[in-house]
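**Q** Structure provided below as structure tokens; questions to follow.
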Amino acid sequence: MAAEKMALAKAINESLRTALDADPKVLIMGEDVGKLGGVFRVTDGLQKDFGEDRVIDTPLAESGIVGTAIGLALRGYRPVVEIQFDGFVFPAYDQIVTQLAKMHARALGKIKLPVVIRIPYGGGIGAVEHHSESPEALFAHVAGLKVVSPSNASDAYWMMQQAIQSDDPVIFFEPKRRYWDKGEVTTDAIPGPLHKAVVAREGSDLTLAAYGPMVKVCLEAAAAAQEEGKSIEVLDLRSMSPIDFDSVQASVEKTRRLVVVHEAPVFLGTGAEIAARITERCFYHLEAPVLRVGGYHAPYPPARLEEEYLPGLDRVLDAVDRSLAY
Amino acid sequence: MTVESTAARKPRRSAGTTAAKSGASTTGTKSAASKRTSAAGKKSPGVPGAPGASGPGPELVQLLTPEGERVKDATYDPYVADITPEDLRGLYRDMVLTRRFDAEATSLQRQGELGLWASLLGQEAAQIGSGRATREDDYVFPTYREHGVAWCRGVDPTNLLGMFRGVNNGGWDPNSNNFHLYTIVIGSQTLHATGYAMGVAKDGADSAVIAYFGDGASSQGDVAESFTFSAVYNAPVVFFCQNNQWAISEPTEKQTRVPLYQRAQGYGFPGVRVDGNDVLACLAVTKWALERARRGEGPTLVEAYTYRMGAHTTSDDPTKYRADEERESWEAKDPILRLRAYLEASNHADEGFFAELEAESEALGKRVREVVRAMPDPDRFAIFENVYADGHALVDEERAQFAAYQASFADEGEGK
Ligand SMILES: Cc1ncc(C[n+]2csc(CCOP(=O)(O)OP(=O)(O)O)c2C)c(N)n1
């Protein structure tokens, strides 16, 4: 397969298929991943082609899913587990934080935990509670975990390949409201490293840094700002642990202004870390304080209020204006 | 149990070694390991004398056959001995109105008035039977599908719809009907119920607590922990598991290798399997379990063996994973038709009753439709309401920023 246009969900499906094909140690595990193909159909058709012992419908128990994936990894397998929705990862949080993240260090580096945990995350699909959250900072705060999120189909394909190949546990956040967005996927191109940020749009007046679902919003904001004569650079971070601060720094040294955008609450979030580091690294380059746009210190609201809660074009442009006004 | 584990263990050892050695090569993957797992994945485990996890088995408590014939049961008949024809009509009415409400909610979802709906179609008897067994001072911890239990507790059905419409994350005051909020995280509420019951016991009260959950939920660690706690502290709680055969696309076999009700034994309390499509049996068994709890005899697990006739939720597509014939076979056990047959055969209800109920049902549907359509979107500042009981400086600050931001649109007239 060379270049093909496909939806982000399909790109992940293709990537999993490639991995299952290439390495008999790769396993898919989770609730409803088999016949149903997952509630978002990301694993559609995989059980049919690879069988019930490679694509495993698990009992309804998240701690069990991650805990047994750890055991399988200790035995040489490479499990890719699906957590059905963001809010349901917490029964597994103990296993992820106290066990998965720390075992490599505790074993003096002698064992590896190549476990990928896929989590559809974020809002914008009008769901009921626990189906729209962005808990990435809770994972990025934990040493031993890698935390990434693709924003488009091509990255979804390649980052999943890289996550599965990684010998470290990777928390793979999938922007669920972008599952149906189509993009070009070139399966024979050589991708950049998993944790490298990329410039999604060049600009010179200000940098918008985002990841996952917010990259599209930032690109739209940059396009709108262009009409007002503002040149906005959009940086797709792709990884929240580690964060490619060098790329952020390079962009900020060029544009001298930075706004970080994510759906997760602003307080103690990924944006806070970026603001602090970039202030340290770029103090003399900055023309304005680093601003953040994100969720509030409040539970994710009911669906009818999510448009108020989620950063949209207007809130991003408002922050752009505030930054440029300094 | 012993037989089963030995049978499963033997091939695992040999195959395990093979898999470990040959796993790196592609050819090694279609080894004994795969055959073993798929064999174990098949239907019921051959436990001698015990019913398979997939079949109802002879131990199913039943007072009304699918044809609506009353059958005797020495243990549970006393719990429905005092039931009057009027009570029976009441149970019938509850089931019919609950089904009507549910159907209305399903069509409101299709019309875009609700974001999602989790239908209880087929589970009316389990919910009405158990719900009517509770006393006013008992406390109920539901999942997200207990619309019939909510009905029995006197919660206005339209209150259940706010959450599914997306205007709130709850929708009622749990204390006004001793009916807790719906819980979406699978199994969490069983621990809350256990803790509440521990409190009831500490207070020396004689009320009881009932926790609802599904067959899928029985796999969750929280549920296992609630069994442990309730047994250790002898908590007055009834665990009411509606085994509707499916957890989204996964059949009960993917959760357990023994009939669910038998799990209780390992924790040291009784487990009973009741015909979940038999409202009378559900009433009797739940009453029995609640009374045990009140007498200080501790927890009980009731497994109501029933069927989810519709999709898991309106987002689900059951044609991907289950056959039509399965639903058809359960339609023959419909809980409402069963009680109707009994009411008619025993002359406990006449045509007038059914006609009146039909009219009442129409009126309920109409009211639900009207209330939902008129349900306003919440005020945008609701985001910041009730985040803390005591208030919080950060929330205050963000609310003020939010207000200033909103006001900036008004200043610009149209806003951007
Ligand atoms: C912790 C958690 N994991 C996953 C889900 C997603 N989910 C919602 S309902 C459901 C199936 C539940 O099945 P069961 O317990 O049998 O109850 P039923 O819906 O059939 O009544 C799943 C997997 C969830 N809500 N919570």
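Each chain in the structure tokens gets a letter, A, B, ..., in the order shown, and its residues are numbered from 1; ligands are numbered from 1 in order too.
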Find the residues in chain B near chain A: any atom within 6 Å counts, using only C-alpha atoms. Write them as a VMD selection string.

**A** chain B and resid 26 34 166 to 169 216 219 to 220 249 254 to 255 320 to 321 383 387

**Q** Selection from above, N, CA and C atoms, as a compact mmCIF listing (two decimals), in the first residue's frame, can you write it?

**A**
```txt
# COMPACT_ATOMS: atom_id res chain seq x y z
N THR B 26 6.87 -17.14 13.19
CA THR B 26 5.49 -16.99 12.74
C THR B 26 4.78 -18.34 12.73
N SER B 34 -3.22 -21.74 20.61
CA SER B 34 -4.41 -21.14 20.03
C SER B 34 -5.59 -22.10 20.09
N GLY B 166 -28.37 15.28 27.92
CA GLY B 166 -27.15 16.08 28.02
C GLY B 166 -27.35 17.42 28.68
N VAL B 167 -28.40 17.54 29.51
CA VAL B 167 -28.59 18.81 30.21
C VAL B 167 -28.09 18.75 31.66
N ASN B 168 -27.82 17.55 32.16
CA ASN B 168 -27.24 17.43 33.50
C ASN B 168 -26.49 16.11 33.60
N ASN B 169 -25.78 15.96 34.70
CA ASN B 169 -25.04 14.71 34.91
C ASN B 169 -25.69 13.83 35.99
N GLY B 216 -21.87 -8.36 33.03
CA GLY B 216 -20.53 -7.89 32.69
C GLY B 216 -19.84 -7.31 33.90
N SER B 219 -17.45 -8.96 36.58
CA SER B 219 -16.01 -9.17 36.42
C SER B 219 -15.17 -8.08 37.07
N GLN B 220 -15.80 -6.98 37.40
CA GLN B 220 -15.03 -5.85 37.92
C GLN B 220 -14.50 -6.12 39.32
N SER B 249 -21.13 -6.42 23.42
CA SER B 249 -21.06 -7.55 22.47
C SER B 249 -20.59 -8.85 23.11
N LYS B 254 -17.95 -14.77 28.51
CA LYS B 254 -16.70 -14.01 28.53
C LYS B 254 -16.45 -13.39 29.91
N GLN B 255 -17.37 -13.58 30.83
CA GLN B 255 -17.19 -13.02 32.17
C GLN B 255 -17.00 -14.12 33.21
N LYS B 320 -24.16 -7.03 14.75
CA LYS B 320 -22.74 -7.39 14.57
C LYS B 320 -22.36 -8.63 15.38
N TYR B 321 -23.11 -8.93 16.44
CA TYR B 321 -22.63 -9.99 17.32
C TYR B 321 -23.68 -11.02 17.77
N ILE B 383 -21.69 25.21 34.45
CA ILE B 383 -20.39 24.54 34.46
C ILE B 383 -19.71 24.69 35.81
N VAL B 387 -19.24 22.66 42.05
CA VAL B 387 -17.98 21.93 41.90
C VAL B 387 -17.46 21.56 43.29
```

**Q** Can you tell me which residues surround stretch 235-243 of chain A at a distance of at most 6 Å, considering only C-alpha atoms, apart from same-chain residues fewer than 6 positions away, and format the answer as a PDB file with C-alpha atoms, in the first residue's frame?

**A**
```pdb
ATOM      1  CA  ALA A 140       2.358  12.366  31.798  1.00  0.00           C
ATOM      2  CA  LYS A 146       5.263   7.585  27.426  1.00  0.00           C
ATOM      3  CA  VAL A 147       2.181   9.568  26.501  1.00  0.00           C
ATOM      4  CA  VAL A 148       1.315  10.415  22.907  1.00  0.00           C
ATOM      5  CA  SER A 149      -1.632  11.534  20.799  1.00  0.00           C
ATOM      6  CA  PRO A 150      -1.896  11.716  17.014  1.00  0.00           C
ATOM      7  CA  HIS A 195       8.224  12.130  20.200  1.00  0.00           C
ATOM      8  CA  ALA A 197       6.791  17.764  17.374  1.00  0.00           C
ATOM      9  CA  VAL A 198       5.996  18.914  13.867  1.00  0.00           C
ATOM     10  CA  VAL A 199       5.151  22.288  12.409  1.00  0.00           C
ATOM     11  CA  ALA A 200       1.657  21.808  11.046  1.00  0.00           C
ATOM     12  CA  ALA A 209       1.073  24.588  20.371  1.00  0.00           C
ATOM     13  CA  ALA A 210      -1.481  21.775  20.555  1.00  0.00           C
ATOM     14  CA  TYR A 211      -1.920  18.033  20.193  1.00  0.00           C
TER      15      TYR A 211
END
```

**Q** Using only C-alpha atoms, which residue out of A:Ala276, A:Val260, A:Leu310, A:Val80 lies closest to A:Ser132?

**A** A:Leu310

**Q** Between A:Thr255, A:Thr186, A:Ser154, A:Gln84, single out the one closest to ligand 1, counting only C-alpha atoms and all ligand atoms.

**A**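 For ligand 1, the nearest of the candidates is A:Gln84.
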
**Q** Between atom CA of B:Tyr182 and atom CA of B:Gly365, measure the distance and give it in Å to one decimal.

**A**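 Value for the atom CA of B:Tyr182-atom CA of B:Gly365 distance: 22.0 Å.
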
**Q** Counting only C-alpha atoms and all ligand atoms, which residues in chain B sit no more than 8 Å from ligand 1? For each one, give the nearest pair of atoms and the distance in Å, sorted by chain then residue number, as a Markdown table.

**A**
```
| residue | atom | partner | partner_atom_place_in_ligand_line | distance |
| --- | --- | --- | --- | --- |
| B:Ala118 | CA | ligand 1 | 19 (O) | 7.8 |
| B:Thr143 | CA | ligand 1 | 21 (O) | 7.7 |
| B:Tyr144 | CA | ligand 1 | 19 (O) | 7.8 |
| B:Arg145 | CA | ligand 1 | 21 (O) | 6.4 |
| B:Ile184 | CA | ligand 1 | 25 (N) | 4.8 |
| B:Val185 | CA | ligand 1 | 26 (N) | 3.7 |
| B:Ile186 | CA | ligand 1 | 26 (N) | 4.0 |
| B:Gly187 | CA | ligand 1 | 1 (C) | 7.1 |
| B:Ser188 | CA | ligand 1 | 1 (C) | 7.9 |
| B:Phe213 | CA | ligand 1 | 15 (O) | 5.9 |
| B:Gly214 | CA | ligand 1 | 15 (O) | 3.4 |
| B:Asp215 | CA | ligand 1 | 16 (O) | 4.0 |
| B:Gly216 | CA | ligand 1 | 16 (O) | 3.5 |
| B:Ala217 | CA | ligand 1 | 15 (O) | 3.8 |
| B:Ser218 | CA | ligand 1 | 15 (O) | 6.8 |
| B:Gln220 | CA | ligand 1 | 1 (C) | 7.7 |
| B:Gln242 | CA | ligand 1 | 21 (O) | 6.8 |
| B:Asn243 | CA | ligand 1 | 16 (O) | 6.5 |
| B:Asn244 | CA | ligand 1 | 20 (O) | 5.8 |
| B:Gln245 | CA | ligand 1 | 16 (O) | 7.1 |
| B:Trp246 | CA | ligand 1 | 20 (O) | 5.2 |
| B:Ala247 | CA | ligand 1 | 13 (O) | 3.4 |
| B:Ile248 | CA | ligand 1 | 11 (C) | 4.9 |
| B:Thr252 | CA | ligand 1 | 16 (O) | 7.6 |
| B:Arg308 | CA | ligand 1 | 20 (O) | 7.1 |
| B:His312 | CA | ligand 1 | 19 (O) | 6.0 |
```

**Q** Nearest to A:Glu4 among A:Val266, A:Val81, A:Ala189, A:Leu208, with distances taken over only C-alpha atoms: which residue is it?

**A**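 Counting only C-alpha atoms, the residue closest to A:Glu4 is A:Ala189.
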
**Q** Taking the DSSP secondary structure from the backbone, can you list the residues of stretch 135-360 of chain B that are strand (DSSP E or B), as an MDAnalysis selection string?

**A** chainID B and resid 139:141 179 209:214 237:243 246:247 250:251 271:275 300:305

**Q** I want to know what sits within 9 Å of A:Leu219, based on only C-alpha atoms, with residues of the same chain fewer than 5 positions away left out; could you give that as a PyMOL selection string?

**A** chain A and resi 200-201+208+214+224+232-234

**Q** Once you have the residues from the selection above, write them out as a PDB file, in the first residue's frame, restricted to C-alpha atoms.

**A**
```pdb
ATOM      1  CA  ALA A 200       1.657  21.808  11.046  1.00  0.00           C
ATOM      2  CA  ARG A 201       1.546  25.332   9.627  1.00  0.00           C
ATOM      3  CA  LEU A 208      -0.026  27.867  18.779  1.00  0.00           C
ATOM      4  CA  MET A 214      -7.004  20.602  19.240  1.00  0.00           C
ATOM      5  CA  ALA A 224      -8.990  32.747  10.331  1.00  0.00           C
ATOM      6  CA  ILE A 232       0.291  32.047  13.067  1.00  0.00           C
ATOM      7  CA  GLU A 233       2.518  29.010  13.371  1.00  0.00           C
ATOM      8  CA  VAL A 234       0.847  25.800  14.544  1.00  0.00           C
TER       9      VAL A 234
END
```

**Q** Env of A:Ala163: 9 Å cut, atoms = only C-alpha atoms, seq-sep filter 3 positions within chain, self excluded. Answer as a PyMOL selection string.

**A** chain A and resi 114-116+146+148+158-160+166-172+194

**Q** Please identify all polymer residues within 9 Å of B:Leu108, counting only C-alpha atoms, omitting same-chain residues fewer than 4 positions from it, and present them as a list in words.

**A**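 Those residues are Ala103, Glu104, Gly112, Glu113, Leu114, Trp117, Arg369, Val372 and Arg373 of chain B.
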
**Q** I want to know what sits within 12 Å of A:Tyr179, based on only C-alpha atoms, with residues of the same chain fewer than 5 positions away left out; could you give that as a ChimeraX atom specification?

**A** /A:6-13,39-42,120-122,124-125,150-153,156,173-174,212-213

**Q** Let me see the file: selected residues, C-alpha atoms, as a short mmCIF file (atom, residue, chain, number, x, y, z; two decimals), in the first residue's frame.

**A**
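And here's result39.cif as it stands now:
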```
data_model
loop_
_atom_site.label_atom_id
_atom_site.label_comp_id
_atom_site.auth_asym_id
_atom_site.auth_seq_id
_atom_site.Cartn_x
_atom_site.Cartn_y
_atom_site.Cartn_z
CA MET A 6 -8.48 7.06 5.09
CA ALA A 7 -10.20 8.02 8.31
CA LEU A 8 -8.09 8.26 11.46
CA ALA A 9 -9.84 5.25 13.01
CA LYS A 10 -9.17 3.23 9.88
CA ALA A 11 -5.52 4.26 9.95
CA ILE A 12 -5.19 2.84 13.45
CA ASN A 13 -6.99 -0.29 12.31
CA VAL A 39 -17.36 0.54 20.10
CA PHE A 40 -15.62 2.84 17.60
CA ARG A 41 -14.84 -0.06 15.21
CA VAL A 42 -11.11 0.64 15.48
CA PRO A 120 -10.17 7.18 22.96
CA TYR A 121 -10.26 10.58 24.68
CA GLY A 122 -11.69 14.05 24.64
CA GLY A 124 -17.17 16.99 21.25
CA ILE A 125 -19.29 13.95 20.50
CA PRO A 150 -1.90 11.72 17.01
CA SER A 151 -3.90 14.49 15.39
CA ASN A 152 -4.32 13.06 11.89
CA ALA A 153 -4.62 9.77 10.03
CA ALA A 156 -2.24 7.70 13.79
CA PHE A 173 -4.57 8.80 23.43
CA GLU A 174 -6.84 8.72 20.38
CA GLY A 212 -4.63 15.53 19.36
CA PRO A 213 -8.10 16.98 18.78
#
```

**Q** Using only C-alpha atoms, can you tell me which of B:Thr194, B:Phe164, B:Trp151, B:Arg70 comes closest to B:Asn177?

**A**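 Looking at the shortest contact to B:Asn177, the residue is B:Trp151.
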
**Q** Any idea what's packed within 10 Å of B:Glu360, counting only C-alpha atoms, ignoring anything in its chain fewer than 4 positions away? Could you give it as a VMD selection string?

**A** chain B and resid 93 96 to 97 100 354 to 356 364 to 366

**Q** Could you take the residues named above and write them with N, CA and C atoms, as an mmCIF file, in the first residue's frame?

**A**
```cif
data_model
loop_
_atom_site.group_PDB
_atom_site.id
_atom_site.type_symbol
_atom_site.label_atom_id
_atom_site.label_comp_id
_atom_site.auth_asym_id
_atom_site.auth_seq_id
_atom_site.Cartn_x
_atom_site.Cartn_y
_atom_site.Cartn_z
ATOM 1 N N ARG B 93 -49.325 -3.191 35.539
ATOM 2 C CA ARG B 93 -49.363 -1.777 35.156
ATOM 3 C C ARG B 93 -47.943 -1.182 35.161
ATOM 4 N N VAL B 96 -46.040 -2.393 32.120
ATOM 5 C CA VAL B 96 -46.524 -1.814 30.865
ATOM 6 C C VAL B 96 -46.094 -0.342 30.747
ATOM 7 N N LEU B 97 -46.247 0.398 31.831
ATOM 8 C CA LEU B 97 -45.911 1.821 31.766
ATOM 9 C C LEU B 97 -44.403 2.021 31.624
ATOM 10 N N ARG B 100 -43.543 1.392 28.145
ATOM 11 C CA ARG B 100 -43.981 2.498 27.303
ATOM 12 C C ARG B 100 -43.024 3.690 27.412
ATOM 13 N N PHE B 354 -57.426 -3.489 30.899
ATOM 14 C CA PHE B 354 -56.392 -3.376 29.862
ATOM 15 C C PHE B 354 -56.602 -2.123 29.002
ATOM 16 N N ALA B 355 -57.850 -1.809 28.745
ATOM 17 C CA ALA B 355 -58.143 -0.634 27.915
ATOM 18 C C ALA B 355 -57.745 0.647 28.653
ATOM 19 N N GLU B 356 -58.070 0.681 29.930
ATOM 20 C CA GLU B 356 -57.726 1.853 30.732
ATOM 21 C C GLU B 356 -56.206 2.045 30.790
ATOM 22 N N LEU B 364 -48.915 8.767 29.313
ATOM 23 C CA LEU B 364 -47.547 8.843 29.826
ATOM 24 C C LEU B 364 -46.579 9.175 28.689
ATOM 25 N N GLY B 365 -46.744 8.470 27.578
ATOM 26 C CA GLY B 365 -45.888 8.720 26.424
ATOM 27 C C GLY B 365 -45.944 10.176 25.995
ATOM 28 N N LYS B 366 -47.133 10.706 25.964
ATOM 29 C CA LYS B 366 -47.332 12.085 25.539
ATOM 30 C C LYS B 366 -46.647 13.048 26.502
#
```

**Q** Enumerate, as a PyMOL selection string, the complete set of residues in stretch 107-292 of chain A that a backbone-based DSSP assignment places in alpha helix (DSSP H).

**A** chain A and resi 136-140+153-165+214-227+245-255+270-281

**Q** Atom CA of A:Tyr326 and atom CA of A:Val290 are how many Å apart?

**A**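 We find that atom CA of A:Tyr326 and atom CA of A:Val290 lie 11.1 Å from each other.
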